[in-house]
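Student: Below you'll find run02.txt; it's compact mmCIF, C-alpha atoms.
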```txt
# COMPACT_ATOMS: atom_id res chain seq x y z
CA MET A 1 9.44 -39.71 -0.57
CA LYS A 2 8.60 -41.79 -3.63
CA ASP A 3 9.61 -40.24 -6.97
CA GLU A 4 6.58 -40.42 -9.26
CA SER A 5 7.97 -38.26 -12.08
CA MET A 6 7.76 -39.47 -15.66
CA TRP A 7 11.00 -41.16 -16.67
CA VAL A 8 10.73 -39.74 -20.19
CA GLU A 9 11.17 -36.27 -18.66
CA LYS A 10 13.41 -37.35 -15.80
CA TYR A 11 15.97 -38.83 -18.16
CA ARG A 12 15.58 -36.34 -20.99
CA PRO A 13 19.09 -35.53 -22.30
CA LYS A 14 20.58 -32.20 -21.26
CA ARG A 15 23.43 -32.31 -23.76
CA VAL A 16 23.66 -33.28 -27.43
CA ALA A 17 26.03 -36.17 -26.70
CA GLU A 18 23.40 -37.73 -24.41
CA VAL A 19 20.84 -38.07 -27.24
CA VAL A 20 20.71 -41.73 -28.29
CA GLY A 21 21.54 -42.63 -31.90
CA ASN A 22 21.43 -40.61 -35.15
CA GLU A 23 25.03 -39.45 -34.85
CA ARG A 24 25.13 -38.09 -38.40
CA ALA A 25 21.96 -36.04 -37.87
CA LYS A 26 23.26 -34.70 -34.55
CA ALA A 27 26.54 -33.61 -36.13
CA ALA A 28 24.74 -31.90 -39.02
CA PHE A 29 22.42 -30.04 -36.63
CA VAL A 30 25.22 -28.84 -34.36
CA ASP A 31 27.24 -27.70 -37.40
CA TRP A 32 24.21 -25.73 -38.60
CA LEU A 33 23.50 -24.24 -35.18
CA ARG A 34 27.06 -23.31 -34.15
CA GLY A 35 28.05 -21.92 -37.55
CA SER A 36 26.50 -19.12 -39.58
CA HIS A 37 24.20 -21.38 -41.62
CA TRP A 38 21.15 -20.55 -39.51
CA ARG A 39 21.23 -16.91 -40.65
CA LYS A 40 20.45 -17.99 -44.22
CA ARG A 41 18.49 -21.21 -43.85
CA GLY A 42 16.41 -22.95 -41.22
CA ALA A 43 16.85 -26.58 -40.16
CA LEU A 44 14.06 -29.08 -40.76
CA LEU A 45 14.49 -32.28 -38.76
CA TYR A 46 12.45 -35.16 -40.16
CA GLY A 47 11.92 -38.81 -39.35
CA PRO A 48 9.49 -41.18 -37.55
CA PRO A 49 8.13 -40.32 -34.08
CA GLY A 50 10.22 -40.96 -30.99
CA VAL A 51 13.67 -40.97 -32.63
CA GLY A 52 15.01 -37.82 -30.95
CA LYS A 53 14.10 -34.81 -33.10
CA THR A 54 12.47 -32.73 -30.35
CA THR A 55 14.85 -34.15 -27.75
CA LEU A 56 17.86 -32.96 -29.74
CA VAL A 57 16.48 -29.42 -30.04
CA HIS A 58 15.92 -29.19 -26.28
CA ALA A 59 19.28 -30.77 -25.47
CA ALA A 60 21.11 -28.35 -27.77
CA ALA A 61 19.22 -25.40 -26.29
CA SER A 62 20.18 -26.53 -22.79
CA GLU A 63 23.83 -27.07 -23.70
CA TYR A 64 24.26 -23.81 -25.60
CA LYS A 65 22.07 -21.75 -23.23
CA LEU A 66 19.34 -20.88 -25.72
CA GLN A 67 15.81 -19.96 -24.75
CA ILE A 68 13.26 -21.95 -26.83
CA ILE A 69 10.23 -20.19 -28.27
CA GLU A 70 8.13 -23.20 -29.16
CA MET A 71 5.13 -23.46 -31.47
CA ASN A 72 3.15 -26.54 -32.41
CA ALA A 73 2.47 -25.81 -36.06
CA SER A 74 -0.34 -28.35 -36.27
CA ASP A 75 -2.31 -26.18 -33.81
CA THR A 76 -1.40 -22.79 -35.28
CA ARG A 77 -2.07 -23.36 -38.94
CA THR A 78 -3.01 -20.01 -40.46
CA GLU A 79 -0.68 -17.38 -41.84
CA LYS A 80 -2.03 -14.85 -39.36
CA SER A 81 -1.48 -17.02 -36.27
CA ILE A 82 2.03 -18.10 -37.31
CA ASP A 83 3.04 -14.56 -38.32
CA ARG A 84 1.76 -13.15 -35.03
CA ILE A 85 4.15 -15.30 -32.99
CA ALA A 86 7.04 -16.11 -35.30
CA SER A 87 7.61 -12.76 -36.99
CA PRO A 88 8.42 -10.76 -33.83
CA ALA A 89 10.47 -13.63 -32.44
CA VAL A 90 12.88 -13.77 -35.38
CA SER A 91 13.01 -10.04 -36.15
CA PHE A 92 14.82 -8.79 -33.05
CA MET A 93 17.67 -9.95 -30.89
CA ALA A 94 16.31 -11.41 -27.66
CA LEU A 95 16.48 -8.87 -24.83
CA ASP A 96 16.63 -11.55 -22.15
CA ARG A 97 20.23 -12.36 -23.08
CA PHE A 98 21.23 -9.14 -21.36
CA SER A 99 19.28 -9.83 -18.17
CA THR A 100 19.52 -13.61 -17.82
CA ASN A 101 22.08 -16.36 -18.24
CA THR A 102 20.92 -17.24 -21.79
CA GLU A 103 22.90 -16.68 -24.97
CA GLY A 104 19.81 -15.92 -27.07
CA SER A 105 16.66 -17.57 -28.35
CA LEU A 106 15.67 -20.34 -30.76
CA LEU A 107 12.31 -20.61 -32.56
CA PHE A 108 11.05 -24.22 -32.75
CA LEU A 109 8.05 -25.14 -34.92
CA ASP A 110 7.09 -28.75 -34.30
CA GLU A 111 4.86 -30.96 -36.52
CA VAL A 112 5.01 -28.72 -39.58
CA ASP A 113 3.67 -31.60 -41.67
CA GLY A 114 0.42 -31.05 -39.74
CA ILE A 115 -0.23 -27.80 -41.64
CA PHE A 116 -2.56 -29.46 -44.14
CA GLY A 117 -6.25 -29.44 -44.89
CA ARG A 118 -8.96 -26.86 -45.38
CA GLU A 119 -7.99 -24.97 -42.22
CA ASP A 120 -4.52 -24.27 -43.64
CA ARG A 121 -4.53 -20.69 -44.89
CA GLY A 122 -1.03 -19.78 -45.90
CA GLY A 123 0.73 -21.45 -42.98
CA ILE A 124 3.64 -22.74 -45.06
CA GLY A 125 3.88 -19.40 -46.85
CA ALA A 126 4.15 -17.64 -43.49
CA ILE A 127 7.06 -19.90 -42.52
CA VAL A 128 8.84 -19.21 -45.82
CA LYS A 129 8.44 -15.45 -45.25
CA ILE A 130 10.45 -15.77 -42.05
CA PHE A 131 13.52 -16.36 -44.21
CA ARG A 132 12.65 -13.87 -46.94
CA LYS A 133 11.65 -10.82 -44.99
CA GLU A 134 12.67 -7.61 -46.70
CA SER A 135 14.21 -4.61 -44.94
CA LYS A 136 14.61 -1.08 -46.27
CA LYS A 137 17.98 0.60 -46.37
CA ARG A 138 18.57 4.33 -46.28
CA GLU A 139 18.72 4.58 -50.07
CA ASN A 140 15.19 3.08 -50.20
CA ARG A 141 16.66 -0.12 -51.54
CA LYS A 142 15.37 -3.43 -50.30
CA GLU A 143 17.39 -6.44 -49.28
CA ILE A 144 16.56 -9.87 -47.92
CA GLN A 145 17.04 -9.98 -44.17
CA GLY A 146 17.33 -13.41 -42.61
CA PRO A 147 16.04 -14.31 -39.15
CA GLN A 148 17.91 -12.90 -36.16
CA ILE A 149 17.64 -16.20 -34.24
CA PRO A 150 17.91 -19.86 -35.33
CA VAL A 151 14.67 -21.36 -36.68
CA VAL A 152 14.16 -25.13 -36.35
CA LEU A 153 11.26 -27.15 -37.75
CA ALA A 154 10.32 -30.79 -37.20
CA ALA A 155 8.21 -33.18 -39.29
CA ASN A 156 7.49 -36.88 -39.57
CA ASP A 157 6.99 -36.87 -43.34
CA PRO A 158 8.75 -34.11 -45.35
CA ASP A 159 7.56 -35.32 -48.76
CA HIS A 160 4.07 -33.83 -48.68
CA ARG A 161 3.68 -31.50 -51.64
CA LYS A 162 2.80 -28.56 -49.39
CA LEU A 163 6.21 -28.78 -47.71
CA ARG A 164 8.17 -28.47 -50.96
CA PRO A 165 8.63 -24.67 -50.63
CA LEU A 166 10.51 -25.29 -47.38
CA ARG A 167 13.30 -27.08 -49.27
CA LYS A 168 14.37 -23.72 -50.67
CA VAL A 169 14.76 -22.11 -47.26
CA CYS A 170 15.68 -25.03 -44.97
CA GLN A 171 18.43 -27.58 -44.57
CA PHE A 172 16.74 -30.98 -44.32
CA ILE A 173 18.29 -33.28 -41.69
CA GLU A 174 17.10 -36.89 -41.64
CA PHE A 175 16.55 -38.93 -38.47
CA ARG A 176 16.24 -42.72 -38.64
CA VAL A 177 14.86 -45.29 -36.22
CA VAL A 178 17.31 -45.84 -33.37
CA ASP A 179 19.36 -49.03 -33.28
CA ALA A 180 17.91 -51.66 -30.95
CA ASN A 181 21.20 -52.21 -29.10
CA LEU A 182 21.41 -48.51 -28.22
CA ILE A 183 17.87 -48.51 -26.84
CA THR A 184 18.54 -51.62 -24.74
CA ALA A 185 21.71 -50.02 -23.35
CA LEU A 186 19.72 -46.89 -22.43
CA LEU A 187 17.09 -48.96 -20.62
CA LYS A 188 19.80 -50.83 -18.70
CA ASN A 189 21.27 -47.51 -17.58
CA ILE A 190 17.88 -46.30 -16.35
CA CYS A 191 17.35 -49.56 -14.44
CA LEU A 192 20.72 -49.12 -12.72
CA LYS A 193 19.81 -45.59 -11.64
CA GLU A 194 16.37 -46.72 -10.44
CA GLN A 195 17.90 -49.77 -8.70
CA ILE A 196 15.73 -52.21 -10.63
CA SER A 197 16.73 -55.85 -11.00
CA VAL A 198 16.02 -57.07 -14.54
CA GLU A 199 15.55 -60.64 -15.70
CA SER A 200 17.47 -61.62 -18.84
CA GLY A 201 15.59 -60.87 -22.06
CA ALA A 202 13.06 -58.44 -20.54
CA LEU A 203 14.70 -55.27 -21.84
CA GLU A 204 15.24 -56.83 -25.25
CA ARG A 205 11.49 -57.60 -25.40
CA ILE A 206 10.66 -53.96 -24.60
CA THR A 207 13.09 -52.79 -27.26
CA GLN A 208 11.62 -55.11 -29.85
CA ASN A 209 8.12 -53.90 -29.10
CA CYS A 210 8.94 -50.18 -29.33
CA ARG A 211 10.18 -50.53 -32.94
CA GLY A 212 12.91 -47.89 -32.69
CA ASP A 213 10.80 -45.41 -30.69
CA VAL A 214 13.00 -44.43 -27.72
CA ARG A 215 10.29 -42.42 -25.98
CA SER A 216 7.91 -45.39 -26.07
CA ALA A 217 10.58 -47.76 -24.76
CA ILE A 218 11.19 -45.60 -21.68
CA ALA A 219 7.46 -45.16 -21.05
CA ASP A 220 6.89 -48.92 -21.35
CA LEU A 221 9.74 -49.65 -18.95
CA GLN A 222 8.23 -47.38 -16.30
CA ALA A 223 4.74 -48.77 -16.85
CA LEU A 224 5.91 -52.39 -16.51
CA CYS A 225 7.91 -51.72 -13.36
CA GLY A 226 4.95 -49.98 -11.71
CA GLY A 227 6.92 -49.10 -8.58
CA SER A 228 8.44 -52.57 -8.29
CA ARG A 229 12.20 -53.08 -8.04
CA VAL A 230 12.10 -56.27 -10.13
CA LEU A 231 11.29 -56.65 -13.83
CA ARG A 232 10.66 -60.20 -15.03
CA LEU A 233 10.47 -61.44 -18.58
CA GLU A 234 6.87 -62.57 -18.05
CA ASP A 235 5.92 -58.98 -17.15
CA THR A 236 6.61 -57.90 -20.73
CA GLY A 237 3.71 -60.05 -21.91
CA ARG A 238 1.47 -57.10 -21.07
CA LEU A 239 2.98 -55.08 -23.87
CA SER A 240 0.61 -54.55 -26.78
CA ALA A 241 1.63 -54.29 -30.41
CA ARG A 242 2.52 -50.74 -31.42
CA ASN A 243 0.19 -48.83 -33.69
CA ARG A 244 2.98 -46.34 -34.29
CA THR A 245 5.27 -48.84 -35.98
CA LEU A 246 6.59 -47.88 -39.37
CA LEU A 247 3.84 -47.36 -41.88
CA ILE A 248 3.89 -49.38 -45.07
CA ASN A 249 4.76 -46.49 -47.37
CA GLU A 250 7.34 -45.24 -44.89
CA THR A 251 8.97 -48.67 -44.89
CA LEU A 252 9.05 -48.79 -48.69
CA LYS A 253 10.42 -45.26 -48.91
CA GLY A 254 13.07 -46.10 -46.33
CA ILE A 255 14.35 -49.30 -47.92
CA PHE A 256 14.32 -47.91 -51.46
CA SER A 257 15.97 -44.56 -50.66
CA SER A 258 18.69 -45.87 -48.33
CA LYS A 259 22.28 -45.21 -49.27
CA SER A 260 23.56 -48.68 -48.35
CA PRO A 261 22.31 -52.18 -47.44
CA LYS A 262 23.19 -51.43 -43.81
CA GLU A 263 20.78 -48.48 -43.73
CA THR A 264 18.11 -50.55 -45.47
CA LYS A 265 18.40 -53.23 -42.80
CA THR A 266 17.42 -50.68 -40.13
CA PHE A 267 14.04 -50.30 -41.79
CA LEU A 268 13.68 -54.04 -42.36
CA ASP A 269 14.29 -54.66 -38.65
CA ASN A 270 11.49 -52.25 -37.70
CA THR A 271 8.81 -52.91 -40.28
CA ILE A 272 5.34 -54.24 -39.48
CA LEU A 273 5.33 -56.40 -42.63
CA ASP A 274 5.92 -60.12 -42.46
CA TYR A 275 8.62 -61.69 -44.61
CA ASP A 276 6.41 -62.94 -47.44
CA GLU A 277 4.41 -59.73 -47.74
CA LEU A 278 7.63 -57.71 -47.68
CA SER A 279 9.01 -59.73 -50.61
CA LEU A 280 5.81 -59.17 -52.58
CA ARG A 281 5.88 -55.42 -52.00
CA VAL A 282 9.51 -55.16 -53.06
CA ASN A 283 8.77 -57.30 -56.12
CA ASP A 284 5.91 -55.01 -57.23
CA ASN A 285 7.88 -51.79 -56.73
CA LEU A 286 11.23 -52.76 -58.27
CA PRO A 287 10.14 -51.80 -61.84
CA LEU A 288 9.11 -48.37 -60.53
CA ARG A 289 12.40 -47.95 -58.66
CA TYR A 290 14.78 -48.96 -61.45
CA LYS A 291 14.26 -47.62 -64.96
CA ASP A 292 17.56 -49.03 -66.21
CA PRO A 293 16.93 -52.65 -67.38
CA VAL A 294 20.38 -53.79 -66.26
CA GLU A 295 19.88 -52.42 -62.73
CA LEU A 296 16.41 -53.97 -62.64
CA SER A 297 17.74 -57.39 -63.64
CA VAL A 298 20.42 -57.25 -60.93
CA ALA A 299 17.79 -56.25 -58.36
CA TYR A 300 15.52 -59.15 -59.32
CA ASP A 301 18.48 -61.53 -59.12
CA PHE A 302 19.07 -60.46 -55.50
CA LEU A 303 15.34 -60.76 -54.79
CA SER A 304 15.19 -64.30 -56.21
CA LYS A 305 18.11 -65.35 -54.00
CA ALA A 306 16.40 -63.73 -51.01
CA ASP A 307 13.30 -65.78 -51.80
CA ILE A 308 15.38 -68.96 -51.72
CA PHE A 309 16.62 -68.17 -48.21
CA ARG A 310 13.09 -67.24 -47.13
CA GLY A 311 12.12 -70.80 -48.08
CA ARG A 312 15.01 -72.19 -46.08
CA VAL A 313 13.97 -70.15 -43.04
CA GLY A 314 10.58 -71.88 -43.03
CA THR A 315 9.16 -71.64 -39.56
CA GLU A 316 12.18 -72.61 -37.45
CA ASN A 317 15.52 -72.17 -39.29
CA TRP A 318 15.92 -68.53 -38.22
CA LYS A 319 19.70 -68.61 -38.72
CA PHE A 320 19.01 -68.06 -42.44
CA LEU A 321 16.94 -64.92 -41.83
CA LYS A 322 19.98 -62.62 -41.89
CA TYR A 323 20.77 -63.81 -45.43
CA PHE A 324 17.20 -63.09 -46.50
CA TYR A 325 17.43 -59.56 -45.13
CA ASN A 326 20.90 -58.93 -46.57
CA LEU A 327 19.87 -60.00 -50.08
CA LEU A 328 16.65 -58.01 -49.88
CA ALA A 329 18.68 -54.96 -48.82
CA GLN A 330 21.01 -55.41 -51.80
CA ALA A 331 18.03 -55.64 -54.15
CA THR A 332 16.83 -52.19 -53.08
CA THR A 333 20.27 -50.52 -53.15
CA VAL A 334 21.67 -51.61 -56.51
CA ASN A 335 22.20 -47.94 -57.38
CA PRO A 336 21.34 -45.64 -54.43
CA GLN A 337 22.29 -42.52 -56.42
CA SER A 338 19.51 -43.10 -58.94
CA PHE A 339 16.68 -42.88 -56.38
CA ARG A 340 13.83 -40.50 -57.21
CA PRO A 341 10.56 -40.32 -55.22
CA PHE A 342 7.78 -42.36 -56.83
CA GLU A 343 4.25 -43.50 -56.05
CA PHE A 344 4.52 -46.87 -54.31
CA ILE A 345 2.28 -49.84 -54.99
CA SER A 346 1.34 -50.31 -51.34
CA PHE A 347 -0.83 -53.41 -51.74
CA PRO A 348 0.84 -56.45 -53.31
CA THR A 349 -0.54 -57.26 -56.76
CA LYS A 350 -0.34 -60.99 -56.14
CA VAL A 351 -2.11 -60.71 -52.78
CA SER A 352 -4.82 -58.58 -54.38
CA THR A 353 -5.29 -61.19 -57.09
CA LEU A 354 -5.54 -63.98 -54.53
CA PHE A 355 -8.17 -62.11 -52.56
CA TRP A 356 -10.15 -61.48 -55.74
CA THR A 357 -9.92 -65.14 -56.75
CA ARG A 358 -10.92 -66.28 -53.27
CA GLY A 359 -14.01 -64.07 -53.44
CA LYS A 360 -15.07 -65.67 -56.70
CA ARG A 361 -14.45 -69.15 -55.33
CA THR A 362 -16.68 -68.33 -52.36
CA THR A 363 -19.48 -67.14 -54.66
CA LEU A 364 -19.21 -70.25 -56.82
CA ASP A 365 -19.24 -72.47 -53.74
CA THR A 366 -22.47 -70.80 -52.54
CA ILE A 367 -24.12 -71.35 -55.94
CA CYS A 368 -23.08 -75.00 -56.00
CA ALA A 369 -24.55 -75.46 -52.52
CA LYS A 370 -27.90 -74.05 -53.69
CA ILE A 371 -27.94 -76.25 -56.79
CA GLY A 372 -26.96 -79.31 -54.74
CA LYS A 373 -29.76 -78.70 -52.24
CA ARG A 374 -32.37 -78.13 -54.95
CA CYS A 375 -31.28 -81.05 -57.15
CA HIS A 376 -30.23 -83.40 -54.33
CA VAL A 377 -26.62 -83.77 -55.53
CA SER A 378 -23.23 -83.02 -54.04
CA LYS A 379 -21.55 -79.64 -54.52
CA ARG A 380 -18.87 -81.31 -56.63
CA THR A 381 -21.50 -82.82 -58.95
CA ALA A 382 -23.28 -79.47 -59.12
CA LYS A 383 -20.03 -77.75 -60.07
CA PHE A 384 -18.94 -80.08 -62.87
CA ASP A 385 -22.23 -81.54 -64.15
CA PHE A 386 -24.87 -78.85 -63.57
CA ILE A 387 -23.08 -75.46 -63.69
CA PRO A 388 -22.08 -75.71 -67.39
CA PHE A 389 -25.72 -76.22 -68.43
CA VAL A 390 -27.14 -73.61 -66.04
CA ARG A 391 -24.59 -71.08 -67.29
CA ALA A 392 -25.44 -71.85 -70.93
CA ILE A 393 -29.18 -71.43 -70.28
CA LEU A 394 -28.69 -68.12 -68.46
CA LYS A 395 -26.51 -66.73 -71.24
CA GLU A 396 -29.11 -67.59 -73.88
CA GLN A 397 -32.22 -66.73 -71.88
CA LYS A 398 -31.67 -63.71 -69.60
CA SER A 399 -35.20 -63.99 -68.22
CA SER A 400 -35.04 -67.77 -67.74
CA PRO A 401 -36.95 -68.99 -64.65
CA ILE A 402 -34.16 -71.43 -63.79
CA GLY A 403 -32.44 -68.82 -61.68
CA ARG A 404 -35.53 -68.29 -59.58
CA TRP A 405 -36.13 -72.04 -59.32
CA LEU A 406 -32.58 -72.52 -58.01
CA GLN A 407 -33.16 -69.60 -55.62
CA LEU A 408 -30.19 -67.64 -57.00
CA ASP A 409 -30.11 -63.90 -56.38
CA SER A 410 -29.42 -61.39 -59.17
CA SER A 411 -25.70 -61.09 -58.38
CA GLU A 412 -25.26 -64.89 -58.56
CA VAL A 413 -27.12 -65.04 -61.89
CA GLU A 414 -24.86 -62.31 -63.26
CA PHE A 415 -21.83 -64.17 -61.92
CA LEU A 416 -22.78 -67.35 -63.85
CA ARG A 417 -23.35 -65.38 -67.05
CA LYS A 418 -19.82 -63.96 -66.89
CA MET A 419 -18.05 -67.12 -65.74
CA ASP A 420 -16.17 -67.45 -69.01
CA GLN A 421 -14.14 -64.42 -67.93
CA LEU A 422 -12.74 -66.21 -64.90
```
What would the structure in this file look like if it were written as structure tokens?
Tutor:
Amino acid sequence: MKDESMWVEKYRPKRVAEVVGNERAKAAFVDWLRGSHWRKRGALLYGPPGVGKTTLVHAAASEYKLQIIEMNASDTRTEKSIDRIASPAVSFMALDRFSTNTEGSLLFLDEVDGIFGREDRGGIGAIVKIFRKESKKRENRKEIQGPQIPVVLAANDPDHRKLRPLRKVCQFIEFRVVDANLITALLKNICLKEQISVESGALERITQNCRGDVRSAIADLQALCGGSRVLRLEDTGRLSARNRTLLINETLKGIFSSKSPKETKTFLDNTILDYDELSLRVNDNLPLRYKDPVELSVAYDFLSKADIFRGRVGTENWKFLKYFYNLLAQATTVNPQSFRPFEFISFPTKVSTLFWTRGKRTTLDTICAKIGKRCHVSKRTAKFDFIPFVRAILKEQKSSPIGRWLQLDSSEVEFLRKMDQL
């Protein structure tokens, strides 16, 4: 009988060691879970979609025989709804450990960064109360009683202001996009188990398209195979560009907050920005990143050298691209310890200026075309011989009929009056 199960579920890791990538995050989570840390603080796993946050929780639960009580926090936003489910779950030791083969329970709240908006009525506060619940002792004294089971939260973006209270009650564990080589190796292993013959370069194309999202890579592999036992390179042409690639601000935050050039390069390899736009964005944000003038000068020196190699890359000398990335990574990690969150300039100043200038050039070209048609001259003659006089007349006589005679609309008349500001 043909197996039509989803490969994402079929090959979901059952043990922590089977989760691909993020070794540091995995070690931190296991240390938190197997020690006594969970009695005092929760664990908040954060990072882009598809990098293994939820997978790790389920794998750990399977390996350590824990029953998961799962809530999607973006669906249960209010204090009342969260308290109704979470409070009983963390207040008592699970009874099923005495009647089943489990060693206890684990409360998992996914997508906690979805608790925003007008419908949010104390949702974050309800989560904080899980860790600060008071219990009365015999002497009528109160003490803080932590949760009786581990509490794990997951988020894509932990920097939203509404999540700040969670930093006091949770250990934040960062997940990064998974290395491309690890994803390709995983896909090769799946193909071996499914007895699929793969043409050279096909799996690398899938990996490149998924942008570090393991879940998407597996789903794409299954979709492209479509029951066939052969995967050709030409089949990958059906892959569409990912909308879930790293967002612009997420890319900037990643490359500026990395602890080393190697970590920065992970974000550079998975960004949606092209090389020139990336350089412009880094250029605009360097003064916000480095307040020390010496650090800023060193960063700009690296950026200028990166720009040189970008020029050498051109459109075909890709062997120089690694030097461009390495220098760009060094520019953003001059002093990793000095990083503080800041508001990024997400649209390049130079690009914005060029767009604005292009808009004015288009307006001027339209005016010159109208003058040329009316006066039977070329647009060039209209620009250099007629525009200066028309502009002078309009500045002196706001109600001059010349604008109507030239068939200029009100915005074009106003444009000519203010041309000296260009």
Student: For Pro388 in chain A, find every residue with an atom within 12 Å (counting only C-alpha atoms), except residues of its own chain fewer than 6 positions away, and show them as a ChimeraX atom specification.
Tutor: /A:368,381-382,394-395,416-420
Student: Have a look at CA of Leu327 in chain A and CA of Ile255 in chain A and let me know their distance in Å, one decimal.
Tutor: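 So the answer is 12.2 Å.
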Student: Quote the spacing between CA of Ala202 in chain A and CA of Glu23 in chain A in Å to one decimal place.
Tutor: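 Computed distance, CA of Ala202 in chain A to CA of Glu23 in chain A, equals 26.6 Å.
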Student: Residues at most 8 Å from range 26-29 of chain A, counting only C-alpha atoms, excluding those fewer than 4 positions away in the same chain, as JSON, numbers by chain?
Tutor: {"A": [16, 22, 33, 43, 56, 173]}
Student: With all atoms listed in the file as the basis for distance, which of A:Val413, A:Ile149, A:Ala25, A:Ala185 is at the shortest distance from Gly104 in chain A?
Tutor: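 Among A:Val413, A:Ile149, A:Ala25, A:Ala185, it is A:Ile149 that comes nearest to Gly104 in chain A.
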Student: Rounded to one decimal, what separation in Å do you get between CA of Glu63 in chain A and CA of Phe131 in chain A?
Tutor: 25.3 Å
Student: Counting all atoms listed in the file, which residues come within 10 Å of (20.7, -35.8, -22.2), with the point read in the file's coordinates, and could you list them as an mmCIF file with C-alpha atoms, in the coordinates of the input?
Tutor:
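Below is the file that was written, result10.cif:
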```cif
data_model
loop_
_atom_site.group_PDB
_atom_site.id
_atom_site.type_symbol
_atom_site.label_atom_id
_atom_site.label_comp_id
_atom_site.auth_asym_id
_atom_site.auth_seq_id
_atom_site.Cartn_x
_atom_site.Cartn_y
_atom_site.Cartn_z
ATOM 1 C CA LYS A 10 13.410 -37.350 -15.800
ATOM 2 C CA TYR A 11 15.970 -38.830 -18.160
ATOM 3 C CA ARG A 12 15.580 -36.340 -20.990
ATOM 4 C CA PRO A 13 19.090 -35.530 -22.300
ATOM 5 C CA LYS A 14 20.580 -32.200 -21.260
ATOM 6 C CA ARG A 15 23.430 -32.310 -23.760
ATOM 7 C CA VAL A 16 23.660 -33.280 -27.430
ATOM 8 C CA ALA A 17 26.030 -36.170 -26.700
ATOM 9 C CA GLU A 18 23.400 -37.730 -24.410
ATOM 10 C CA VAL A 19 20.840 -38.070 -27.240
ATOM 11 C CA VAL A 20 20.710 -41.730 -28.290
ATOM 12 C CA THR A 55 14.850 -34.150 -27.750
ATOM 13 C CA LEU A 56 17.860 -32.960 -29.740
ATOM 14 C CA HIS A 58 15.920 -29.190 -26.280
ATOM 15 C CA ALA A 59 19.280 -30.770 -25.470
ATOM 16 C CA ALA A 60 21.110 -28.350 -27.770
ATOM 17 C CA SER A 62 20.180 -26.530 -22.790
ATOM 18 C CA GLU A 63 23.830 -27.070 -23.700
#
```
Student: If you count only C-alpha atoms, which residues fall within 8 Å of Glu174 in chain A, apart from same-chain ones fewer than 4 positions away, as an mmCIF file with C-alpha atoms, keeping the file's coordinate frame?
Tutor:
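Below is the file selection24.cif, written as the result:
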```cif
data_model
loop_
_atom_site.group_PDB
_atom_site.id
_atom_site.type_symbol
_atom_site.label_atom_id
_atom_site.label_comp_id
_atom_site.auth_asym_id
_atom_site.auth_seq_id
_atom_site.Cartn_x
_atom_site.Cartn_y
_atom_site.Cartn_z
ATOM 1 C CA ALA A 25 21.960 -36.040 -37.870
ATOM 2 C CA LEU A 45 14.490 -32.280 -38.760
ATOM 3 C CA TYR A 46 12.450 -35.160 -40.160
ATOM 4 C CA GLY A 47 11.920 -38.810 -39.350
#
```
Student: Counting all atoms listed in the file, which residue out of A:Val30, A:Val294, A:Leu280, A:Leu268 sits closest to Ala329 in chain A?
Tutor: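 Once distances to Ala329 in chain A are computed over all atoms listed in the file, the minimum belongs to A:Leu268.
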Student: Would you mind listing what lies within 12 Å of Arg374 in chain A as a list in words, with all atoms listed in the file counted and same-chain residues fewer than 5 positions away left out?
Tutor: Ile367, Cys368, Ala369, Lys379, Ala382, Phe386, Ile402, Gly403, Arg404, Trp405, Leu406, Gln407 and Leu408 of chain A
Student: Include C-alpha atoms and write out the residues we just selected as a compact mmCIF listing (two decimals), in the coordinates of the input.
Tutor:
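Listed below is the output, selection-v4.txt:
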```
# COMPACT_ATOMS: atom_id res chain seq x y z
CA ILE A 367 -24.12 -71.35 -55.94
CA CYS A 368 -23.08 -75.00 -56.00
CA ALA A 369 -24.55 -75.46 -52.52
CA LYS A 379 -21.55 -79.64 -54.52
CA ALA A 382 -23.28 -79.47 -59.12
CA PHE A 386 -24.87 -78.85 -63.57
CA ILE A 402 -34.16 -71.43 -63.79
CA GLY A 403 -32.44 -68.82 -61.68
CA ARG A 404 -35.53 -68.29 -59.58
CA TRP A 405 -36.13 -72.04 -59.32
CA LEU A 406 -32.58 -72.52 -58.01
CA GLN A 407 -33.16 -69.60 -55.62
CA LEU A 408 -30.19 -67.64 -57.00
```
Student: Do a neighbour search on Val334 in chain A at 9 Å with all atoms listed in the file, toss out local chain neighbours closer than 6 positions, and write the hits as a list in words.
Tutor: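 Counting all atoms listed in the file, the residues come to Ser260, Tyr290, Glu295, Leu296, Val298 and Ala299 of chain A.
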Student: When you count all atoms listed in the file, which of these residues is closest to Arg211 in chain A: A:Gln397, A:Asn283, A:Asn189, A:Thr266?
Tutor: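 Smallest distance to Arg211 in chain A is found for A:Thr266.
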Student: Using all atoms listed in the file, which of A:Asn326, A:Lys262, A:Phe339, A:Ile248 sits nearest Leu286 in chain A?
Tutor: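 Looking at the shortest contact to Leu286 in chain A, the residue is A:Phe339.
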Student: Using only C-alpha atoms, which of the listed residues (A:Asn335, A:Ser36, A:Gln330, A:Gln222) sits closest to Lys305 in chain A?
Tutor: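 Smallest separation from Lys305 in chain A among the options: A:Gln330.
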Student: Up to 7 Å from (10.5, -44.2, -31.0) in the file's coordinates: name the residues, counting only C-alpha atoms, as a ChimeraX atom specification.
Tutor: /A:49-51,177,210-216
Student: Selection from above, C-alpha atoms, as a tab-separated table (two decimals), in the coordinates of the input, can you write it?
Tutor:
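File produced: result.tsv:
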```
chain	number	residue	atom	x	y	z
A	49	PRO	CA	8.13	-40.32	-34.08
A	50	GLY	CA	10.22	-40.96	-30.99
A	51	VAL	CA	13.67	-40.97	-32.63
A	177	VAL	CA	14.86	-45.29	-36.22
A	210	CYS	CA	8.94	-50.18	-29.33
A	211	ARG	CA	10.18	-50.53	-32.94
A	212	GLY	CA	12.91	-47.89	-32.69
A	213	ASP	CA	10.80	-45.41	-30.69
A	214	VAL	CA	13.00	-44.43	-27.72
A	215	ARG	CA	10.29	-42.42	-25.98
A	216	SER	CA	7.91	-45.39	-26.07
```
